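Single-structure report; data block below.
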Amino acid sequence: MEITKEIFYIMNIIGIVAFAMTGSLKAIKEGLDLLGITVLGVMTALGGGITRDLLINTVPNALKSLTDMSVALLGVWLAIIIYKVAKGDIGNKYYILIPDAIGLSAFTTTGALIAYNADVSFFGIVILATLTGVGGGIISDLLLGKVPSVLRDDFYASCSIIGSIGFYITITLTQDLTVSAIVCSLMVLMIRIVAILYNWRLPKFQ
Amino acid sequence: MEITKEIFYIMNIIGIVAFAMTGSLKAIKEGLDLLGITVLGVMTALGGGITRDLLINTVPNALKSLTDMSVALLGVWLAIIIYKVAKGDIGNKYYILIPDAIGLSAFTTTGALIAYNADVSFFGIVILATLTGVGGGIISDLLLGKVPSVLRDDFYASCSIIGSIGFYITITLTQDLTVSAIVCSLMVLMIRIVAILYNWRLPKFQ
Amino acid sequence: MEITKEIFYIMNIIGIVAFAMTGSLKAIKEGLDLLGITVLGVMTALGGGITRDLLINTVPNALKSLTDMSVALLGVWLAIIIYKVAKGDIGNKYYILIPDAIGLSAFTTTGALIAYNADVSFFGIVILATLTGVGGGIISDLLLGKVPSVLRDDFYASCSIIGSIGFYITITLTQDLTVSAIVCSLMVLMIRIVAILYNWRLPKFQ
């Protein structure tokens with residue numbers, strides 16, 4: 001139990017850094033200024049959790065704790081340094097996609113746990129868990145005036161949806177939060193990695 | 001009273017299906033994938049009510065009940081089937097505009113009733129009632145990177161505004177929720193149908 | 001104390017009118033209709049405070065009081081009249097930039113005071129104060145399908161950030177709300193005026 005908590009804590013930190021870096025790099029490439037880069041990085045990292053907290057009527061944790069914002073700002077600074085110093089384009093490389101997948105897994109699981117405690121329906125759990133995972137990316141795409149990429153292509157939010165359905169089934173069968181959280185995070189992580197490797201896409205009907 | 005409740009219930013269901021179909025079709029035409037189509041349909045149908053619930057500090061009903069989401073998903077599936085099987089463009093046809101007008105009327109009235117109970121000002125009632133009616137469409141336009149069509153042209157949100165002012169006047173005069181709800185929904189429905197028939201527009205000042 | 005309150009009250013009124021005029025003019029130029037012009041004006045003036053109230057789980061004051069909405073609507077009407085009658089482009093002139101700076105100062109300070117009472121962290125105070133100042137402009141830019149201008153260039157949100165950090169330092173040292181509010185508002189106002197005069201910009205890293 002204790003070790004599970006620590007693992008999730010570390011996964012969440014990795015996720016915040018990775019999400020903040022992705023968001024900041026998008027902002028740098030779009031020519032935003034230092035403030036825009038910071039806002040995009042922070043919102044990509046924390047926007048999903050903030051939206052979830054709003055929906056269940058809690059003051060967002062990101063406004064109350066110092067840790068989340070500090071870690072997100074660290075990710076922003078890392079992104080600027082890598083872009084300027086290393087001239088590195090870390091856009092779609094494995095060393096950003098894997099931490100990003102870990103973040104997606106941790107965020108989705110955190111969202112599912114919080115939603116479960118907020119006494120919402122099956123749909124509520126799936127929506128809140130998925131929103132925790134992908135909400136930050138949606139907000140940052142909207143701030144850049146773009147159709148959110150998770151709605152257009154890529155097998156990304158689908159990993160969160162499948163994982164949170166896995167969470168719901170496991171919690172209904174076992175009533176064990178720890179087991180359900182582990183099932184959820186492993187499902188999201190593995191499906192996401194397979195989706196990257198095999199370049200999965202959802203169907204379109206145009 | 002009982003029969004009024006049942007009529008509103010049915011009008012709300014018709015509205016959710018019609019709004020979900022409109023939203024999904026927009027998403028199909030913009031080339032979104034299955035997830036994007038689902039999100040656009042669901043948000044068009046339920047986004048207005050979710051925004052209203054956020055503003056009055058309630059956990060959105062869409063996250064707690066199973067009905068709303070199920071009916072919205074039904075609308076999404078209907079839209080995909082009609083588009084693929086019937087190759088039908090139901091964009092601006094009467095058989096989508098009339099159910100859409102019924103939905104606008106039902107949503108606006110529901111919003112006015114909930115706002116009245118939330119103890120807000122006259123402006124609060126008009127804003128929350130109108131937002132319940134048109135908020136979903138605004139969110140789905142924003143997700144597609146477009147200026148919300150209700151802000152640009154069409155006599156649409158104006159029907160909700162006039163109807164909710166009618167609600168406010170009636171409730172002030174009669175203190176009767178049922179009568180006020182009937183007045184509101186009839187005003188929205190009739191003004192919207194007249195606006196469609198005569199192609200009403202609001203003035204611009206450019 | 002009393003006189004300070006009155007000055008803040010007047011500054012807030014000036015800010016609402018100035019922000020509403022700026023928002024409405026943007027909408028007129030983009031060819032929105034009367035409803036769109038009204039929504040853009042009202043949201044530019046009140047959207048920041050509404051977002052802040054959502055984040056700390058309060059029903060937004062704009063929905064409960066009649067004053068804020070009335071003053072915002074006054075600003076909308078003024079903008080339409082000036083545009084039509086005087087054919088005046090008040091876009092970037094001093095007589096709109098100075099009232100706008102007063103509004104930014106008043107909104108930021110109000111946001112900092114409310115955030116302080118909501119028991120959030122240092123980051124929470126800075127975010128909520130800045131959001132109160134610039135959130136309305138961000139929302140109206142998003143409604144027009146544009147990347148929010150505060151994220152792209154201009155030394156604008158930075159004034160709120162610096163002022164609210166000043167607020168935090170002063171309140172920590174003195175525990176005096178009145179002094180901290182005065183420090184915050186003077187810092188925002190002066191830095192903003194200097195930024196306009198010297199055309200300050202934040203760095204970009206593209």
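Please note that chains go A, B, ... in the order of the structure tokens, that every chain numbers its residues from 1, and that ligands are numbered from 1 in the order shown.
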Within 9 Å of chain C: residues of chain B, using only C-alpha atoms, as an MDAnalysis selection string: chainID B and resid 54:57 119:125 127:128 138 142 145:148 150:154 157:158 201:206
Find the residues near B:Val126: any atom within 10 Å, counting only C-alpha atoms, skip ones fewer than 2 places away on the same chain, and give them as a count of residues only. 25
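Picture a line from atom CA of A:Leu189 to atom CA of A:Thr109; it runs 10.5 Å.
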Find the residues around stretch 169-180 of chain A up to 9 Å (only C-alpha atoms counted), leave out those fewer than 5 positions away in its own chain, and share them as a PDB file with all heavy atoms, in the first residue's frame.
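Resulting contents of selection31.pdb:
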```pdb
ATOM      1  N   MET A   1       0.835  -1.201   0.000  1.00  0.00           N
ATOM      2  CA  MET A   1       0.000   0.000   0.000  1.00  0.00           C
ATOM      3  C   MET A   1       0.874   1.257   0.000  1.00  0.00           C
ATOM      4  O   MET A   1       0.766   2.112  -0.874  1.00  0.00           O
ATOM      5  CB  MET A   1      -0.892  -0.013   1.249  1.00  0.00           C
ATOM      6  CG  MET A   1      -1.915   1.112   1.296  1.00  0.00           C
ATOM      7  SD  MET A   1      -3.163   0.998  -0.022  1.00  0.00           S
ATOM      8  CE  MET A   1      -3.389   2.725  -0.435  1.00  0.00           C
ATOM      9  N   THR A   4       2.842   1.511  -3.116  1.00  0.00           N
ATOM     10  CA  THR A   4       1.970   1.912  -4.231  1.00  0.00           C
ATOM     11  C   THR A   4       1.797   3.420  -4.246  1.00  0.00           C
ATOM     12  O   THR A   4       1.907   4.069  -5.291  1.00  0.00           O
ATOM     13  CB  THR A   4       0.584   1.251  -4.071  1.00  0.00           C
ATOM     14  OG1 THR A   4       0.759  -0.102  -3.698  1.00  0.00           O
ATOM     15  CG2 THR A   4      -0.203   1.333  -5.347  1.00  0.00           C
ATOM     16  N   LYS A   5       1.540   3.996  -3.076  1.00  0.00           N
ATOM     17  CA  LYS A   5       1.374   5.450  -2.980  1.00  0.00           C
ATOM     18  C   LYS A   5       2.605   6.183  -3.472  1.00  0.00           C
ATOM     19  O   LYS A   5       2.515   7.162  -4.204  1.00  0.00           O
ATOM     20  CB  LYS A   5       1.098   5.836  -1.519  1.00  0.00           C
ATOM     21  CG  LYS A   5      -0.366   6.079  -1.233  1.00  0.00           C
ATOM     22  CD  LYS A   5      -0.547   6.762   0.113  1.00  0.00           C
ATOM     23  CE  LYS A   5      -2.022   6.850   0.473  1.00  0.00           C
ATOM     24  NZ  LYS A   5      -2.234   7.160   1.882  1.00  0.00           N
ATOM     25  N   THR A 109      -5.469   7.703 -13.421  1.00  0.00           N
ATOM     26  CA  THR A 109      -5.743   6.931 -12.218  1.00  0.00           C
ATOM     27  C   THR A 109      -6.124   7.855 -11.053  1.00  0.00           C
ATOM     28  O   THR A 109      -7.095   7.594 -10.333  1.00  0.00           O
ATOM     29  CB  THR A 109      -4.516   6.073 -11.842  1.00  0.00           C
ATOM     30  OG1 THR A 109      -4.122   5.327 -12.993  1.00  0.00           O
ATOM     31  CG2 THR A 109      -4.841   5.137 -10.703  1.00  0.00           C
ATOM     32  N   LEU A 113      -9.749   7.797  -9.073  1.00  0.00           N
ATOM     33  CA  LEU A 113      -9.866   7.668  -7.611  1.00  0.00           C
ATOM     34  C   LEU A 113     -10.679   8.824  -7.030  1.00  0.00           C
ATOM     35  O   LEU A 113     -11.582   8.618  -6.216  1.00  0.00           O
ATOM     36  CB  LEU A 113      -8.478   7.638  -6.969  1.00  0.00           C
ATOM     37  CG  LEU A 113      -7.676   6.338  -7.159  1.00  0.00           C
ATOM     38  CD1 LEU A 113      -6.225   6.544  -6.742  1.00  0.00           C
ATOM     39  CD2 LEU A 113      -8.314   5.205  -6.341  1.00  0.00           C
ATOM     40  N   SER A 164     -10.121   3.699 -17.436  1.00  0.00           N
ATOM     41  CA  SER A 164     -11.076   4.051 -16.383  1.00  0.00           C
ATOM     42  C   SER A 164     -12.279   3.106 -16.388  1.00  0.00           C
ATOM     43  O   SER A 164     -12.879   2.865 -15.336  1.00  0.00           O
ATOM     44  CB  SER A 164     -11.517   5.516 -16.505  1.00  0.00           C
ATOM     45  OG  SER A 164     -12.028   5.778 -17.781  1.00  0.00           O
ATOM     46  N   SER A 185      -3.891   2.035 -14.035  1.00  0.00           N
ATOM     47  CA  SER A 185      -2.662   2.677 -14.516  1.00  0.00           C
ATOM     48  C   SER A 185      -1.896   1.766 -15.471  1.00  0.00           C
ATOM     49  O   SER A 185      -1.339   2.233 -16.468  1.00  0.00           O
ATOM     50  CB  SER A 185      -1.776   3.083 -13.334  1.00  0.00           C
ATOM     51  OG  SER A 185      -1.427   1.957 -12.574  1.00  0.00           O
TER      52      SER A 185
END
```
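Atom pair atom CA of B:Val76 / atom CA of A:Leu104 has a distance of 26.3 Å (rounded to one decimal).
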Write down as a VMD selection string the residues belonging to stretch 12-196 of chain A that are assigned helix (DSSP H, G or I) by DSSP computed on the backbone. chain A and resid 12 to 29 34 to 55 61 to 64 67 to 84 94 to 117 122 to 143 149 to 152 157 to 174 177 to 196
